[in-house]
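Structure data (JSON, C-alpha atoms) from final_26.json:
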```json
[["chain", "number", "residue", "atom", "x", "y", "z"],
["A", 1, "MET", "CA", 0.00, 0.00, 0.00],
["A", 2, "SER", "CA", 2.98, 2.29, 0.38],
["A", 3, "GLU", "CA", 3.15, 2.56, -3.44],
["A", 4, "LEU", "CA", 0.02, 4.71, -3.30],
["A", 5, "SER", "CA", 1.73, 7.19, -1.01],
["A", 6, "LEU", "CA", 4.08, 8.67, -3.57],
["A", 7, "SER", "CA", 5.90, 11.76, -2.50],
["A", 8, "ALA", "CA", 7.32, 14.51, -4.63],
["A", 9, "GLN", "CA", 10.75, 13.26, -3.55],
["A", 10, "ASP", "CA", 10.04, 10.05, -5.53],
["A", 11, "VAL", "CA", 10.14, 12.03, -8.81],
["A", 12, "PRO", "CA", 13.72, 12.15, -10.13],
["A", 13, "ASP", "CA", 15.32, 15.60, -9.97],
["A", 14, "GLU", "CA", 16.17, 15.54, -13.68],
["A", 15, "VAL", "CA", 12.43, 15.11, -14.43],
["A", 16, "ALA", "CA", 10.94, 17.38, -11.79],
["A", 17, "GLY", "CA", 13.66, 19.85, -10.94],
["A", 18, "SER", "CA", 12.59, 19.95, -7.32],
["A", 19, "GLY", "CA", 9.94, 18.02, -5.42],
["A", 20, "THR", "CA", 8.03, 21.13, -4.43],
["A", 21, "ARG", "CA", 8.01, 22.53, -7.95],
["A", 22, "ALA", "CA", 6.84, 19.15, -9.33],
["A", 23, "ARG", "CA", 3.94, 19.02, -6.87],
["A", 24, "TRP", "CA", 2.76, 22.51, -7.86],
["A", 25, "TRP", "CA", 3.07, 21.72, -11.58],
["A", 26, "ILE", "CA", 0.97, 18.59, -11.08],
["A", 27, "PHE", "CA", -1.54, 20.51, -8.98],
["A", 28, "ALA", "CA", -1.84, 23.26, -11.61],
["A", 29, "LEU", "CA", -1.95, 20.85, -14.55],
["A", 30, "LEU", "CA", -4.72, 18.72, -13.02],
["A", 31, "ALA", "CA", -6.69, 21.77, -11.88],
["A", 32, "GLY", "CA", -6.45, 23.28, -15.36],
["A", 33, "LEU", "CA", -7.41, 20.05, -17.13],
["A", 34, "ALA", "CA", -10.32, 19.43, -14.77],
["A", 35, "LEU", "CA", -11.57, 22.99, -15.23],
["A", 36, "ALA", "CA", -11.23, 22.88, -19.04],
["A", 37, "LEU", "CA", -12.90, 19.49, -19.39],
["A", 38, "ASP", "CA", -15.74, 20.48, -17.08],
["A", 39, "LEU", "CA", -16.50, 23.74, -18.87],
["A", 40, "TRP", "CA", -16.18, 22.15, -22.32],
["A", 41, "VAL", "CA", -18.55, 19.26, -21.51],
["A", 42, "LYS", "CA", -21.07, 21.66, -19.96],
["A", 43, "SER", "CA", -20.98, 23.82, -23.11],
["A", 44, "VAL", "CA", -21.62, 20.73, -25.27],
["A", 45, "VAL", "CA", -24.59, 19.74, -23.08],
["A", 46, "VAL", "CA", -26.06, 23.27, -23.14],
["A", 47, "GLY", "CA", -25.66, 23.39, -26.93],
["A", 48, "SER", "CA", -27.07, 19.91, -27.52],
["A", 49, "LEU", "CA", -29.98, 19.47, -25.09],
["A", 50, "ALA", "CA", -32.96, 21.57, -24.13],
["A", 51, "LEU", "CA", -33.35, 22.38, -20.45],
["A", 52, "GLY", "CA", -35.08, 19.39, -18.84],
["A", 53, "GLU", "CA", -34.34, 17.07, -21.79],
["A", 54, "ARG", "CA", -33.26, 13.54, -20.95],
["A", 55, "ARG", "CA", -31.39, 11.02, -23.14],
["A", 56, "GLN", "CA", -30.43, 7.52, -22.08],
["A", 57, "ILE", "CA", -26.74, 6.80, -22.67],
["A", 58, "LEU", "CA", -26.44, 3.46, -20.87],
["A", 59, "PRO", "CA", -29.04, 1.42, -18.99],
["A", 60, "PHE", "CA", -27.82, 3.02, -15.76],
["A", 61, "LEU", "CA", -26.79, 6.49, -17.02],
["A", 62, "ASP", "CA", -28.86, 9.30, -18.53],
["A", 63, "LEU", "CA", -27.97, 12.74, -19.78],
["A", 64, "HIS", "CA", -30.51, 15.01, -18.12],
["A", 65, "TYR", "CA", -29.89, 18.73, -18.58],
["A", 66, "GLY", "CA", -30.80, 20.71, -15.51],
["A", 67, "VAL", "CA", -29.55, 23.65, -13.48],
["A", 68, "ASN", "CA", -28.86, 23.98, -9.79],
["A", 69, "ASP", "CA", -28.30, 27.21, -7.85],
["A", 70, "GLY", "CA", -27.50, 25.34, -4.64],
["A", 71, "VAL", "CA", -24.62, 23.07, -3.73],
["A", 72, "ALA", "CA", -24.63, 19.27, -3.37],
["A", 73, "PHE", "CA", -28.17, 17.87, -3.58],
["A", 74, "GLY", "CA", -29.57, 21.39, -4.00],
["A", 75, "LEU", "CA", -28.64, 22.46, -0.46],
["A", 76, "LEU", "CA", -28.36, 26.22, 0.11],
["A", 77, "SER", "CA", -30.39, 26.93, -3.03],
["A", 78, "GLY", "CA", -30.78, 30.67, -3.50],
["A", 79, "ARG", "CA", -28.06, 31.45, -0.93],
["A", 80, "PRO", "CA", -25.04, 32.69, -2.93],
["A", 81, "SER", "CA", -23.97, 34.87, 0.01],
["A", 82, "ILE", "CA", -23.10, 31.64, 1.83],
["A", 83, "ILE", "CA", -21.93, 29.56, -1.13],
["A", 84, "PHE", "CA", -19.28, 31.96, -2.50],
["A", 85, "PRO", "CA", -17.37, 32.48, 0.77],
["A", 86, "ALA", "CA", -17.61, 28.77, 1.60],
["A", 87, "VAL", "CA", -16.12, 27.78, -1.77],
["A", 88, "ALA", "CA", -13.39, 30.42, -1.46],
["A", 89, "LEU", "CA", -12.51, 29.18, 2.04],
["A", 90, "ALA", "CA", -12.45, 25.57, 0.82],
["A", 91, "LEU", "CA", -10.10, 26.52, -2.03],
["A", 92, "VAL", "CA", -7.76, 28.28, 0.41],
["A", 93, "ALA", "CA", -7.81, 25.16, 2.62],
["A", 94, "VAL", "CA", -6.99, 22.90, -0.35],
["A", 95, "VAL", "CA", -4.05, 25.07, -1.42],
["A", 96, "ALA", "CA", -2.78, 25.19, 2.18],
["A", 97, "TYR", "CA", -3.06, 21.42, 2.48],
["A", 98, "VAL", "CA", -1.08, 20.88, -0.72],
["A", 99, "ALA", "CA", 1.54, 23.38, 0.46],
["A", 100, "LEU", "CA", 1.93, 21.67, 3.84],
["A", 101, "ASP", "CA", 1.80, 18.06, 2.67],
["A", 102, "GLY", "CA", 4.91, 16.87, 0.84],
["A", 103, "ARG", "CA", 3.31, 13.98, -1.01],
["A", 104, "LEU", "CA", 2.37, 13.81, -4.65],
["A", 105, "LEU", "CA", -1.03, 12.33, -3.80],
["A", 106, "ALA", "CA", -1.94, 15.56, -1.98],
["A", 107, "ALA", "CA", -1.15, 17.56, -5.14],
["A", 108, "VAL", "CA", -3.25, 15.21, -7.28],
["A", 109, "ALA", "CA", -6.19, 15.37, -4.85],
["A", 110, "GLY", "CA", -5.86, 19.14, -4.51],
["A", 111, "GLY", "CA", -5.66, 19.71, -8.25],
["A", 112, "LEU", "CA", -8.84, 17.72, -8.91],
["A", 113, "LEU", "CA", -10.65, 19.44, -6.04],
["A", 114, "ALA", "CA", -9.55, 22.90, -7.15],
["A", 115, "GLY", "CA", -10.37, 22.35, -10.83],
["A", 116, "GLY", "CA", -13.84, 21.01, -10.07],
["A", 117, "SER", "CA", -14.57, 23.71, -7.53],
["A", 118, "VAL", "CA", -13.47, 26.52, -9.83],
["A", 119, "GLY", "CA", -15.54, 25.04, -12.68],
["A", 120, "ASN", "CA", -18.71, 25.15, -10.61],
["A", 121, "LEU", "CA", -17.78, 28.53, -9.11],
["A", 122, "PHE", "CA", -17.25, 30.01, -12.58],
["A", 123, "GLU", "CA", -20.74, 28.94, -13.62],
["A", 124, "ARG", "CA", -22.28, 30.31, -10.42],
["A", 125, "ILE", "CA", -20.66, 33.70, -11.02],
["A", 126, "ALA", "CA", -21.34, 33.80, -14.79],
["A", 127, "TYR", "CA", -24.86, 32.32, -14.88],
["A", 128, "GLY", "CA", -26.15, 32.20, -11.30],
["A", 129, "HIS", "CA", -26.38, 28.40, -11.41],
["A", 130, "VAL", "CA", -24.45, 25.23, -12.18],
["A", 131, "THR", "CA", -25.24, 23.01, -15.17],
["A", 132, "ASP", "CA", -25.95, 19.41, -14.13],
["A", 133, "PHE", "CA", -26.46, 16.63, -16.65],
["A", 134, "LEU", "CA", -25.32, 13.20, -15.42],
["A", 135, "ARG", "CA", -28.10, 11.10, -13.91],
["A", 136, "LEU", "CA", -27.80, 7.73, -12.20],
["A", 137, "PRO", "CA", -30.77, 5.84, -10.76],
["A", 138, "TYR", "CA", -31.69, 7.01, -7.25],
["A", 139, "TRP", "CA", -29.08, 9.78, -7.31],
["A", 140, "PRO", "CA", -29.38, 13.54, -7.93],
["A", 141, "THR", "CA", -28.16, 14.92, -11.24],
["A", 142, "PHE", "CA", -24.50, 16.00, -11.18],
["A", 143, "ASN", "CA", -21.72, 17.16, -13.50],
["A", 144, "VAL", "CA", -18.07, 16.53, -14.40],
["A", 145, "ALA", "CA", -16.85, 19.06, -11.82],
["A", 146, "ASP", "CA", -18.68, 17.10, -9.13],
["A", 147, "VAL", "CA", -16.89, 13.93, -10.25],
["A", 148, "PHE", "CA", -13.54, 15.70, -9.92],
["A", 149, "ILE", "CA", -14.48, 17.09, -6.50],
["A", 150, "VAL", "CA", -15.59, 13.71, -5.16],
["A", 151, "THR", "CA", -12.50, 12.00, -6.60],
["A", 152, "GLY", "CA", -10.29, 14.68, -5.06],
["A", 153, "VAL", "CA", -11.96, 14.27, -1.66],
["A", 154, "GLY", "CA", -11.55, 10.49, -1.90],
["A", 155, "LEU", "CA", -7.85, 10.82, -2.72],
["A", 156, "LEU", "CA", -7.42, 13.38, 0.06],
["A", 157, "LEU", "CA", -8.98, 10.93, 2.52],
["A", 158, "LEU", "CA", -6.75, 8.14, 1.19],
["A", 159, "ASN", "CA", -3.75, 10.44, 1.68],
["A", 160, "LEU", "CA", -4.82, 11.10, 5.27],
["A", 161, "VAL", "CA", -5.36, 7.39, 5.96],
["A", 162, "LEU", "CA", -1.94, 6.57, 4.52],
["A", 163, "ASP", "CA", -0.48, 9.33, 6.71],
["A", 164, "VAL", "CA", -2.04, 7.80, 9.84],
["A", 165, "ARG", "CA", -1.03, 4.26, 8.89],
["A", 166, "THR", "CA", 2.60, 5.17, 8.08],
["A", 167, "PRO", "CA", 4.57, 5.59, 11.33],
["A", 168, "SER", "CA", 7.34, 7.64, 9.69],
["A", 169, "SER", "CA", 5.04, 9.66, 7.43],
["A", 170, "SER", "CA", 6.24, 13.01, 8.74],
["A", 171, "GLU", "CA", 9.91, 12.19, 8.13],
["A", 172, "GLY", "CA", 11.49, 13.66, 5.02],
["A", 173, "ARG", "CA", 8.93, 16.45, 4.62]]
```
Go ahead and express the file in the form of structure tokens.
Amino acid sequence: MSELSLSAQDVPDEVAGSGTRARWWIFALLAGLALALDLWVKSVVVGSLALGERRQILPFLDLHYGVNDGVAFGLLSGRPSIIFPAVALALVAVVAYVALDGRLLAAVAGGLLAGGSVGNLFERIAYGHVTDFLRLPYWPTFNVADVFIVTGVGLLLLNLVLDVRTPSSSEGR
């Protein structure tokens, strides 16, 4: 399981230059890719489906174009005065975590979280809502940014578990 806990020090200097610089490049690259993919897919959905339209893609997955002015599961709907500061604070916390944690997994998790969060934040600022379009049975409609956010949180939790399970995890940082 220690293979999953890669650190920036595991990247050769001739490839990365320095461990810290490599982590920030990975963070920025993943955040940028997540943001670009999210916004591109949302633009394709908005250009291809009418609001409320539903198309079955797989037996367990539909495209269902909807909008959401709340956060997860529609919570805080109509409350941008709470949502914007909360997202900004979460982004600051993610960047601080990546800065303080020396492992590559933290940069990967942080990049996915940041890219997804900024994608949804951009839509909230530009349009007053977030475009949702992925629908699974018995689950609220979501989007690509949400997938990146959930994946980032999962990797962040894995990073924390690996930190707790590794007795010498704070050495070499």
Inset, instruction - Go through A:Pro80, A:Gly152, A:Gly47, A:Gly19 and flag the residue nearest Ala106 of chain A, using only C-alpha atoms for the distances. - result: A:Gly152
Legend entry - Within 9 Å of Phe60 of chain A using all atoms listed in the file, minus same-chain residues under 4 positions, as a PyMOL selection string: chain A and resi 56+135-137
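Relative to atom CA of Ala72 of chain A, atom CA of Ile149 of chain A is found at 10.8 Å.
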Could you give me, as CSV, a per-residue list for segment 61-111 of chain A showing, wherever an atom lies at most 12 Å from an atom of segment 116-129 of chain A, the closest pair of atoms and their distance in Å to one decimal, using only C-alpha atoms and sorting by chain then residue number from low to high?
```
residue,atom,partner,partner_atom,distance
A:Gly66,CA,A:His129,CA,9.8
A:Val67,CA,A:His129,CA,6.1
A:Asn68,CA,A:His129,CA,5.3
A:Asp69,CA,A:His129,CA,4.2
A:Gly70,CA,A:His129,CA,7.5
A:Val71,CA,A:Asn120,CA,9.3
A:Ala72,CA,A:Asn120,CA,11.0
A:Gly74,CA,A:His129,CA,10.7
A:Leu76,CA,A:His129,CA,11.9
A:Ser77,CA,A:His129,CA,9.4
A:Gly78,CA,A:Gly128,CA,9.2
A:Arg79,CA,A:Gly128,CA,10.6
A:Pro80,CA,A:Arg124,CA,8.3
A:Ser81,CA,A:Arg124,CA,11.5
A:Ile83,CA,A:Leu121,CA,9.1
A:Phe84,CA,A:Leu121,CA,7.6
A:Pro85,CA,A:Leu121,CA,10.6
A:Ala86,CA,A:Leu121,CA,10.7
A:Val87,CA,A:Ser117,CA,7.2
A:Ala88,CA,A:Leu121,CA,9.0
A:Leu89,CA,A:Ser117,CA,11.2
A:Ala90,CA,A:Ser117,CA,8.8
A:Leu91,CA,A:Ser117,CA,7.6
A:Val92,CA,A:Ser117,CA,11.4
A:Val94,CA,A:Ser117,CA,10.5
A:Ala109,CA,A:Gly116,CA,10.8
A:Gly110,CA,A:Gly116,CA,9.9
A:Gly111,CA,A:Gly116,CA,8.5
```
Write the residues of the preceding selection, restricted to C-alpha atoms, as a PDB file, in the frame of the given file.
```pdb
ATOM      1  CA  GLY A  66     -30.800  20.710 -15.510  1.00  0.00           C
ATOM      2  CA  VAL A  67     -29.550  23.650 -13.480  1.00  0.00           C
ATOM      3  CA  ASN A  68     -28.860  23.980  -9.790  1.00  0.00           C
ATOM      4  CA  ASP A  69     -28.300  27.210  -7.850  1.00  0.00           C
ATOM      5  CA  GLY A  70     -27.500  25.340  -4.640  1.00  0.00           C
ATOM      6  CA  VAL A  71     -24.620  23.070  -3.730  1.00  0.00           C
ATOM      7  CA  ALA A  72     -24.630  19.270  -3.370  1.00  0.00           C
ATOM      8  CA  GLY A  74     -29.570  21.390  -4.000  1.00  0.00           C
ATOM      9  CA  LEU A  76     -28.360  26.220   0.110  1.00  0.00           C
ATOM     10  CA  SER A  77     -30.390  26.930  -3.030  1.00  0.00           C
ATOM     11  CA  GLY A  78     -30.780  30.670  -3.500  1.00  0.00           C
ATOM     12  CA  ARG A  79     -28.060  31.450  -0.930  1.00  0.00           C
ATOM     13  CA  PRO A  80     -25.040  32.690  -2.930  1.00  0.00           C
ATOM     14  CA  SER A  81     -23.970  34.870   0.010  1.00  0.00           C
ATOM     15  CA  ILE A  83     -21.930  29.560  -1.130  1.00  0.00           C
ATOM     16  CA  PHE A  84     -19.280  31.960  -2.500  1.00  0.00           C
ATOM     17  CA  PRO A  85     -17.370  32.480   0.770  1.00  0.00           C
ATOM     18  CA  ALA A  86     -17.610  28.770   1.600  1.00  0.00           C
ATOM     19  CA  VAL A  87     -16.120  27.780  -1.770  1.00  0.00           C
ATOM     20  CA  ALA A  88     -13.390  30.420  -1.460  1.00  0.00           C
ATOM     21  CA  LEU A  89     -12.510  29.180   2.040  1.00  0.00           C
ATOM     22  CA  ALA A  90     -12.450  25.570   0.820  1.00  0.00           C
ATOM     23  CA  LEU A  91     -10.100  26.520  -2.030  1.00  0.00           C
ATOM     24  CA  VAL A  92      -7.760  28.280   0.410  1.00  0.00           C
ATOM     25  CA  VAL A  94      -6.990  22.900  -0.350  1.00  0.00           C
ATOM     26  CA  ALA A 109      -6.190  15.370  -4.850  1.00  0.00           C
ATOM     27  CA  GLY A 110      -5.860  19.140  -4.510  1.00  0.00           C
ATOM     28  CA  GLY A 111      -5.660  19.710  -8.250  1.00  0.00           C
TER      29      GLY A 111
END
```
Legend entry - Near-Ala107 of chain A list (12 Å; only C-alpha atoms; drop same-chain fewer than 5 positions) as a PyMOL selection string: chain A and resi 5-8+19-31+94-102+112-115+152-153+155-156+159
Legend entry - Gap from atom CA of Gly32 of chain A to atom CA of Leu51 of chain A - Å, one decimal: 27.4 Å
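In this structure, atom CA of Phe142 of chain A sits 29.1 Å away from atom CA of Leu162 of chain A.
The nearest approach to Ala145 of chain A among the residues A:Leu104, A:Ala36, A:Val164, A:Ile57, with all atoms listed in the file taken into account, belongs to A:Ala36.
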As lines of an AutoDock Vina configuration file, please: the centre and edge lengths in Å, to one decimal, of an axis-aligned box enclosing every listed atom of segment 63-75 of chain A with 6 Å added on each side.
```
center_x = -27.7
center_y = 20.0
center_z = -10.1
size_x = 18.2
size_y = 26.5
size_z = 31.3
```
